[in-house]
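One structure below.
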Amino acid sequence: MTMAESTEQRKSRHLDVCLDEDVASRLDAGWDAVRLRHEALPEIALADVDVSTAFLGLPLRAPILISSMTGGTSRAAEINRRLARGAEAAGIAFALGSGRAMLEDDGLRATFDVRPAAPNVVLFANLGAVQLNYGVGTDDARRLVDRLGANGLYLHLNPLQEALQAGGDTNFRALEPKIAALCAALDVPVIAKSVGSGIAPSTAARLLRCGVAAIDVAGAGGTSWARVEGKRADDPARERIAEAFGDWGYATPRATAALRGALPDVPLIASGGIRDGVQIAKALALGADVAGLALPFLRAAEESDAAVTGLIDELVTALRIALFVTGSRTVVDVREALV
Ligand SMILES: Cc1cc2nc3c(=O)[nH]c(=O)nc-3n(C[C@H](O)[C@H](O)[C@H](O)COP(=O)(O)O)c2cc1C
């Protein structure tokens, strides 16, 4: 954050850049190469397919998460309410954007507080892990979770994004003990995520040793945060540096498979570039428990409540069909459908 730009201004600009500019990674993430069995004789009815699940003990009617995006501006307040209402009605999970702005100014709480609109949604708060080196303490994190009535806390790991921001928070020294202290102090689970660059199995293992309860790969292939920061940069050299990292990171399908292979029992979310229900089915087949999408939900929420509901319906319908035609009755059965 530069001195001239408040967290609130930065967040609003992020929304504009993500909505108005091409910020997609150009990496071929490899979803087409992930093939699922086609079962011509599934021996079940489409109506038998059950996509419900539980994540960290929290019941979901479908294994889908609206990934962390926003908060801190009045525009964000409406987006968050629309997303939360849609998630609650459909029984999917919803993650808020970084709550740092609310910690800096409690007057912004209403822009994050979706509990009045969605009393029962599975809800995650969000903070940048690096903020633990910039004055955010365990008490702050607890306050965030408590005030928002969140079921868990996302900690995002974004060294690339911070390095590409003018005046970004780039001191990532010795965060592990702070993450461990945070996990020990909170009554709710902590989930570690990237922001579109992925998490390697060795890093995930270190996070789990800190007490993190779940990993969200948030891999490459979707929204590119390097590209977002590049579009935001006001100097051409910074823009070129950011663009050089435009396709950086571990592609989501491979990174998901690698994490599941290395950590058979970890609660795992696949996200980053997931755009339809077939990709959700593929993510589950690769070992994810839940699949997350961010930017498509931002576009829908900008439009209307109906657009959010419509997108969720479309994702769930395609996921159910994918399970049906692989002969999978449940989200666990589809793990057998990889070819
Ligand atoms: C407008 C916008 C704001 C975001 N803000 C956050 C954030 O505050 N915290 C976070 O962990 N991730 C944030 N992300 C990253 C997303 O959660 C997600 O990891 C990334 O966009 C990749 O998913 P996608 O390809 O489905 O968009 C943001 C994404 C978008 C599009």
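Residue numbers start at 1 in each chain; chains themselves are named A, B, ... in the order of the structure tokens; ligands are numbered from 1 in the order shown.
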**Distance query Gly273 of chain A at most 8 Å, only C-alpha atoms, self and fewer than 4 positions along chain excluded, as a PyMOL selection string** = chain A and resi 219-223+252+293
**Request:** Enumerate residues in contact with ligand 1: an atom-to-atom distance of at most 6 Å, counting only C-alpha atoms and all ligand atoms. Format the result as a PyMOL selection string.
**Result:** chain A and resi 14-15+18+67-70+97-98+156+195-196+218+222-223+271-274+293-295
How would the residues just picked look written out with N, CA, C and O atoms as a CSV table (one decimal), in the first residue's frame?
chain,number,residue,atom,x,y,z
A,14,HIS,N,-9.1,-2.8,-7.4
A,14,HIS,CA,-9.0,-4.2,-7.7
A,14,HIS,C,-10.3,-4.7,-8.3
A,14,HIS,O,-10.2,-5.5,-9.3
A,15,LEU,N,-11.4,-4.3,-7.8
A,15,LEU,CA,-12.7,-4.8,-8.4
A,15,LEU,C,-12.8,-4.3,-9.8
A,15,LEU,O,-13.2,-5.0,-10.7
A,18,CYS,N,-10.4,-6.2,-12.1
A,18,CYS,CA,-10.8,-7.6,-12.4
A,18,CYS,C,-12.0,-7.6,-13.3
A,18,CYS,O,-12.1,-8.5,-14.1
A,67,SER,N,-15.0,-18.1,-3.6
A,67,SER,CA,-13.7,-17.8,-3.1
A,67,SER,C,-13.6,-16.3,-2.6
A,67,SER,O,-14.3,-15.4,-3.1
A,68,SER,N,-12.7,-16.1,-1.7
A,68,SER,CA,-12.4,-14.7,-1.1
A,68,SER,C,-12.3,-13.6,-2.2
A,68,SER,O,-11.4,-13.7,-3.1
A,69,MET,N,-13.0,-12.6,-2.0
A,69,MET,CA,-12.9,-11.4,-2.9
A,69,MET,C,-12.9,-10.1,-2.2
A,69,MET,O,-11.9,-9.3,-2.4
A,70,THR,N,-14.0,-9.8,-1.5
A,70,THR,CA,-14.1,-8.3,-1.3
A,70,THR,C,-14.6,-8.0,0.1
A,70,THR,O,-15.0,-8.8,0.9
A,97,GLY,N,-13.5,-11.4,1.4
A,97,GLY,CA,-12.2,-10.9,1.1
A,97,GLY,C,-11.5,-10.5,2.4
A,97,GLY,O,-12.0,-10.5,3.5
A,98,SER,N,-10.2,-10.1,2.2
A,98,SER,CA,-9.4,-9.8,3.3
A,98,SER,C,-10.0,-8.7,4.3
A,98,SER,O,-10.5,-7.7,3.8
A,156,HIS,N,-4.4,-15.9,3.5
A,156,HIS,CA,-3.8,-16.0,2.2
A,156,HIS,C,-2.3,-15.7,2.2
A,156,HIS,O,-1.8,-14.9,2.9
A,195,VAL,N,-3.2,-17.1,-3.9
A,195,VAL,CA,-4.1,-16.2,-4.6
A,195,VAL,C,-4.0,-16.4,-6.1
A,195,VAL,O,-4.0,-15.4,-6.9
A,196,GLY,N,-3.8,-17.6,-6.6
A,196,GLY,CA,-3.7,-17.9,-8.0
A,196,GLY,C,-2.3,-18.3,-8.4
A,196,GLY,O,-2.0,-18.3,-9.6
A,218,ALA,N,-5.6,-22.7,-4.7
A,218,ALA,CA,-5.7,-21.4,-5.4
A,218,ALA,C,-4.6,-21.3,-6.4
A,218,ALA,O,-3.8,-20.4,-6.4
A,222,GLY,N,-6.4,-19.1,-13.7
A,222,GLY,CA,-7.6,-18.3,-13.7
A,222,GLY,C,-7.1,-16.8,-13.5
A,222,GLY,O,-6.3,-16.4,-14.3
A,223,THR,N,-7.7,-16.1,-12.6
A,223,THR,CA,-7.4,-14.7,-12.3
A,223,THR,C,-5.9,-14.7,-12.0
A,223,THR,O,-5.4,-15.3,-11.1
A,271,SER,N,-9.0,-24.5,-6.4
A,271,SER,CA,-9.5,-23.3,-6.9
A,271,SER,C,-8.4,-22.6,-7.8
A,271,SER,O,-7.3,-23.0,-7.8
A,272,GLY,N,-8.9,-21.6,-8.5
A,272,GLY,CA,-7.9,-20.9,-9.4
A,272,GLY,C,-8.3,-21.4,-10.9
A,272,GLY,O,-7.8,-22.4,-11.3
A,273,GLY,N,-9.1,-20.6,-11.5
A,273,GLY,CA,-9.4,-20.9,-12.9
A,273,GLY,C,-10.5,-21.9,-13.2
A,273,GLY,O,-10.7,-22.3,-14.3
A,274,ILE,N,-11.2,-22.3,-12.1
A,274,ILE,CA,-12.3,-23.3,-12.3
A,274,ILE,C,-13.5,-22.5,-12.8
A,274,ILE,O,-13.8,-21.4,-12.3
A,293,LEU,N,-14.5,-20.9,-6.8
A,293,LEU,CA,-14.5,-19.9,-7.9
A,293,LEU,C,-14.6,-18.5,-7.4
A,293,LEU,O,-15.4,-18.3,-6.5
A,294,ALA,N,-13.8,-17.6,-7.9
A,294,ALA,CA,-13.8,-16.2,-7.5
A,294,ALA,C,-14.4,-15.4,-8.6
A,294,ALA,O,-15.6,-15.0,-8.6
A,295,LEU,N,-13.6,-15.0,-9.6
A,295,LEU,CA,-14.0,-14.0,-10.6
A,295,LEU,C,-15.4,-14.2,-11.2
A,295,LEU,O,-16.2,-13.3,-11.4
**Request:** Kindly indicate which residue among A:Leu323, A:Val228, A:Val188, A:Ile280 lies nearest to Arg13 of chain A, using only C-alpha atoms for the distances.
**Result:**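 Of A:Leu323, A:Val228, A:Val188, A:Ile280, the one nearest Arg13 of chain A, counting only C-alpha atoms, is A:Val228.
With only C-alpha atoms as the atoms that count, the residue of A:Gly211, A:Gly230, A:Gly292, A:Gly152 with the shortest distance to Gly246 of chain A is A:Gly230.
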**Test item: residues at most 8 Å from Ala291 of chain A, only C-alpha atoms, excluding those fewer than 4 positions along its chain, as a ChimeraX atom specification** = /A:63-65,269-271,274,280,283-284
Selection file, all heavy atoms, as a PDB file, in the first residue's frame:
ATOM      1  N   PRO A  63     -20.372 -29.242  -3.258  1.00  0.00           N
ATOM      2  CA  PRO A  63     -18.974 -29.024  -2.854  1.00  0.00           C
ATOM      3  C   PRO A  63     -18.380 -27.800  -3.527  1.00  0.00           C
ATOM      4  O   PRO A  63     -17.382 -27.892  -4.256  1.00  0.00           O
ATOM      5  CB  PRO A  63     -18.294 -30.314  -3.330  1.00  0.00           C
ATOM      6  CG  PRO A  63     -19.058 -30.685  -4.554  1.00  0.00           C
ATOM      7  CD  PRO A  63     -20.491 -30.285  -4.295  1.00  0.00           C
ATOM      8  N   ILE A  64     -19.003 -26.661  -3.321  1.00  0.00           N
ATOM      9  CA  ILE A  64     -18.624 -25.450  -4.041  1.00  0.00           C
ATOM     10  C   ILE A  64     -18.436 -24.313  -3.036  1.00  0.00           C
ATOM     11  O   ILE A  64     -19.189 -24.194  -2.065  1.00  0.00           O
ATOM     12  CB  ILE A  64     -19.699 -25.068  -5.092  1.00  0.00           C
ATOM     13  CG1 ILE A  64     -19.867 -26.210  -6.109  1.00  0.00           C
ATOM     14  CG2 ILE A  64     -19.340 -23.760  -5.806  1.00  0.00           C
ATOM     15  CD1 ILE A  64     -20.993 -25.993  -7.112  1.00  0.00           C
ATOM     16  N   LEU A  65     -17.415 -23.497  -3.320  1.00  0.00           N
ATOM     17  CA  LEU A  65     -17.085 -22.342  -2.489  1.00  0.00           C
ATOM     18  C   LEU A  65     -17.016 -21.099  -3.375  1.00  0.00           C
ATOM     19  O   LEU A  65     -16.427 -21.148  -4.459  1.00  0.00           O
ATOM     20  CB  LEU A  65     -15.706 -22.567  -1.851  1.00  0.00           C
ATOM     21  CG  LEU A  65     -15.009 -21.333  -1.267  1.00  0.00           C
ATOM     22  CD1 LEU A  65     -15.529 -21.044   0.135  1.00  0.00           C
ATOM     23  CD2 LEU A  65     -13.494 -21.528  -1.230  1.00  0.00           C
ATOM     24  N   ILE A 269      -9.184 -27.858  -0.875  1.00  0.00           N
ATOM     25  CA  ILE A 269     -10.018 -27.097  -1.811  1.00  0.00           C
ATOM     26  C   ILE A 269      -9.196 -26.849  -3.068  1.00  0.00           C
ATOM     27  O   ILE A 269      -8.028 -26.444  -2.979  1.00  0.00           O
ATOM     28  CB  ILE A 269     -10.461 -25.751  -1.200  1.00  0.00           C
ATOM     29  CG1 ILE A 269     -11.298 -26.000   0.065  1.00  0.00           C
ATOM     30  CG2 ILE A 269     -11.264 -24.925  -2.213  1.00  0.00           C
ATOM     31  CD1 ILE A 269     -11.718 -24.742   0.804  1.00  0.00           C
ATOM     32  N   ALA A 270      -9.798 -27.117  -4.218  1.00  0.00           N
ATOM     33  CA  ALA A 270      -9.169 -26.750  -5.490  1.00  0.00           C
ATOM     34  C   ALA A 270      -9.813 -25.460  -5.962  1.00  0.00           C
ATOM     35  O   ALA A 270     -11.040 -25.332  -5.953  1.00  0.00           O
ATOM     36  CB  ALA A 270      -9.388 -27.850  -6.528  1.00  0.00           C
ATOM     37  N   SER A 271      -8.983 -24.497  -6.351  1.00  0.00           N
ATOM     38  CA  SER A 271      -9.517 -23.272  -6.934  1.00  0.00           C
ATOM     39  C   SER A 271      -8.442 -22.630  -7.778  1.00  0.00           C
ATOM     40  O   SER A 271      -7.281 -23.040  -7.756  1.00  0.00           O
ATOM     41  CB  SER A 271      -9.983 -22.300  -5.834  1.00  0.00           C
ATOM     42  OG  SER A 271      -8.870 -21.760  -5.151  1.00  0.00           O
ATOM     43  N   ILE A 274     -11.163 -22.344 -12.106  1.00  0.00           N
ATOM     44  CA  ILE A 274     -12.280 -23.287 -12.293  1.00  0.00           C
ATOM     45  C   ILE A 274     -13.467 -22.480 -12.818  1.00  0.00           C
ATOM     46  O   ILE A 274     -13.820 -21.437 -12.263  1.00  0.00           O
ATOM     47  CB  ILE A 274     -12.606 -24.015 -10.972  1.00  0.00           C
ATOM     48  CG1 ILE A 274     -11.420 -24.935 -10.628  1.00  0.00           C
ATOM     49  CG2 ILE A 274     -13.912 -24.793 -11.086  1.00  0.00           C
ATOM     50  CD1 ILE A 274     -11.586 -25.730  -9.362  1.00  0.00           C
ATOM     51  N   ILE A 280     -15.306 -28.698 -12.027  1.00  0.00           N
ATOM     52  CA  ILE A 280     -15.502 -29.026 -10.602  1.00  0.00           C
ATOM     53  C   ILE A 280     -15.431 -30.549 -10.426  1.00  0.00           C
ATOM     54  O   ILE A 280     -14.740 -31.045  -9.530  1.00  0.00           O
ATOM     55  CB  ILE A 280     -16.848 -28.475 -10.078  1.00  0.00           C
ATOM     56  CG1 ILE A 280     -16.833 -26.944 -10.084  1.00  0.00           C
ATOM     57  CG2 ILE A 280     -17.137 -28.992  -8.667  1.00  0.00           C
ATOM     58  CD1 ILE A 280     -18.162 -26.279  -9.722  1.00  0.00           C
ATOM     59  N   ALA A 283     -11.890 -31.591 -10.649  1.00  0.00           N
ATOM     60  CA  ALA A 283     -11.156 -31.227  -9.424  1.00  0.00           C
ATOM     61  C   ALA A 283     -11.435 -32.245  -8.313  1.00  0.00           C
ATOM     62  O   ALA A 283     -10.513 -32.662  -7.593  1.00  0.00           O
ATOM     63  CB  ALA A 283     -11.547 -29.821  -8.967  1.00  0.00           C
ATOM     64  N   LEU A 284     -12.682 -32.667  -8.204  1.00  0.00           N
ATOM     65  CA  LEU A 284     -13.029 -33.675  -7.184  1.00  0.00           C
ATOM     66  C   LEU A 284     -12.344 -34.999  -7.506  1.00  0.00           C
ATOM     67  O   LEU A 284     -11.820 -35.676  -6.616  1.00  0.00           O
ATOM     68  CB  LEU A 284     -14.542 -33.869  -7.105  1.00  0.00           C
ATOM     69  CG  LEU A 284     -15.385 -32.636  -6.733  1.00  0.00           C
ATOM     70  CD1 LEU A 284     -16.873 -32.986  -6.788  1.00  0.00           C
ATOM     71  CD2 LEU A 284     -15.025 -32.095  -5.351  1.00  0.00           C
TER      72      LEU A 284
END
**Asked** So which bits of segment 1-148 of chain A end up alpha helix (DSSP H) when you DSSP the backbone, as a PyMOL selection string?
**Response** chain A and resi 7-20+74-90+100-104+138-148
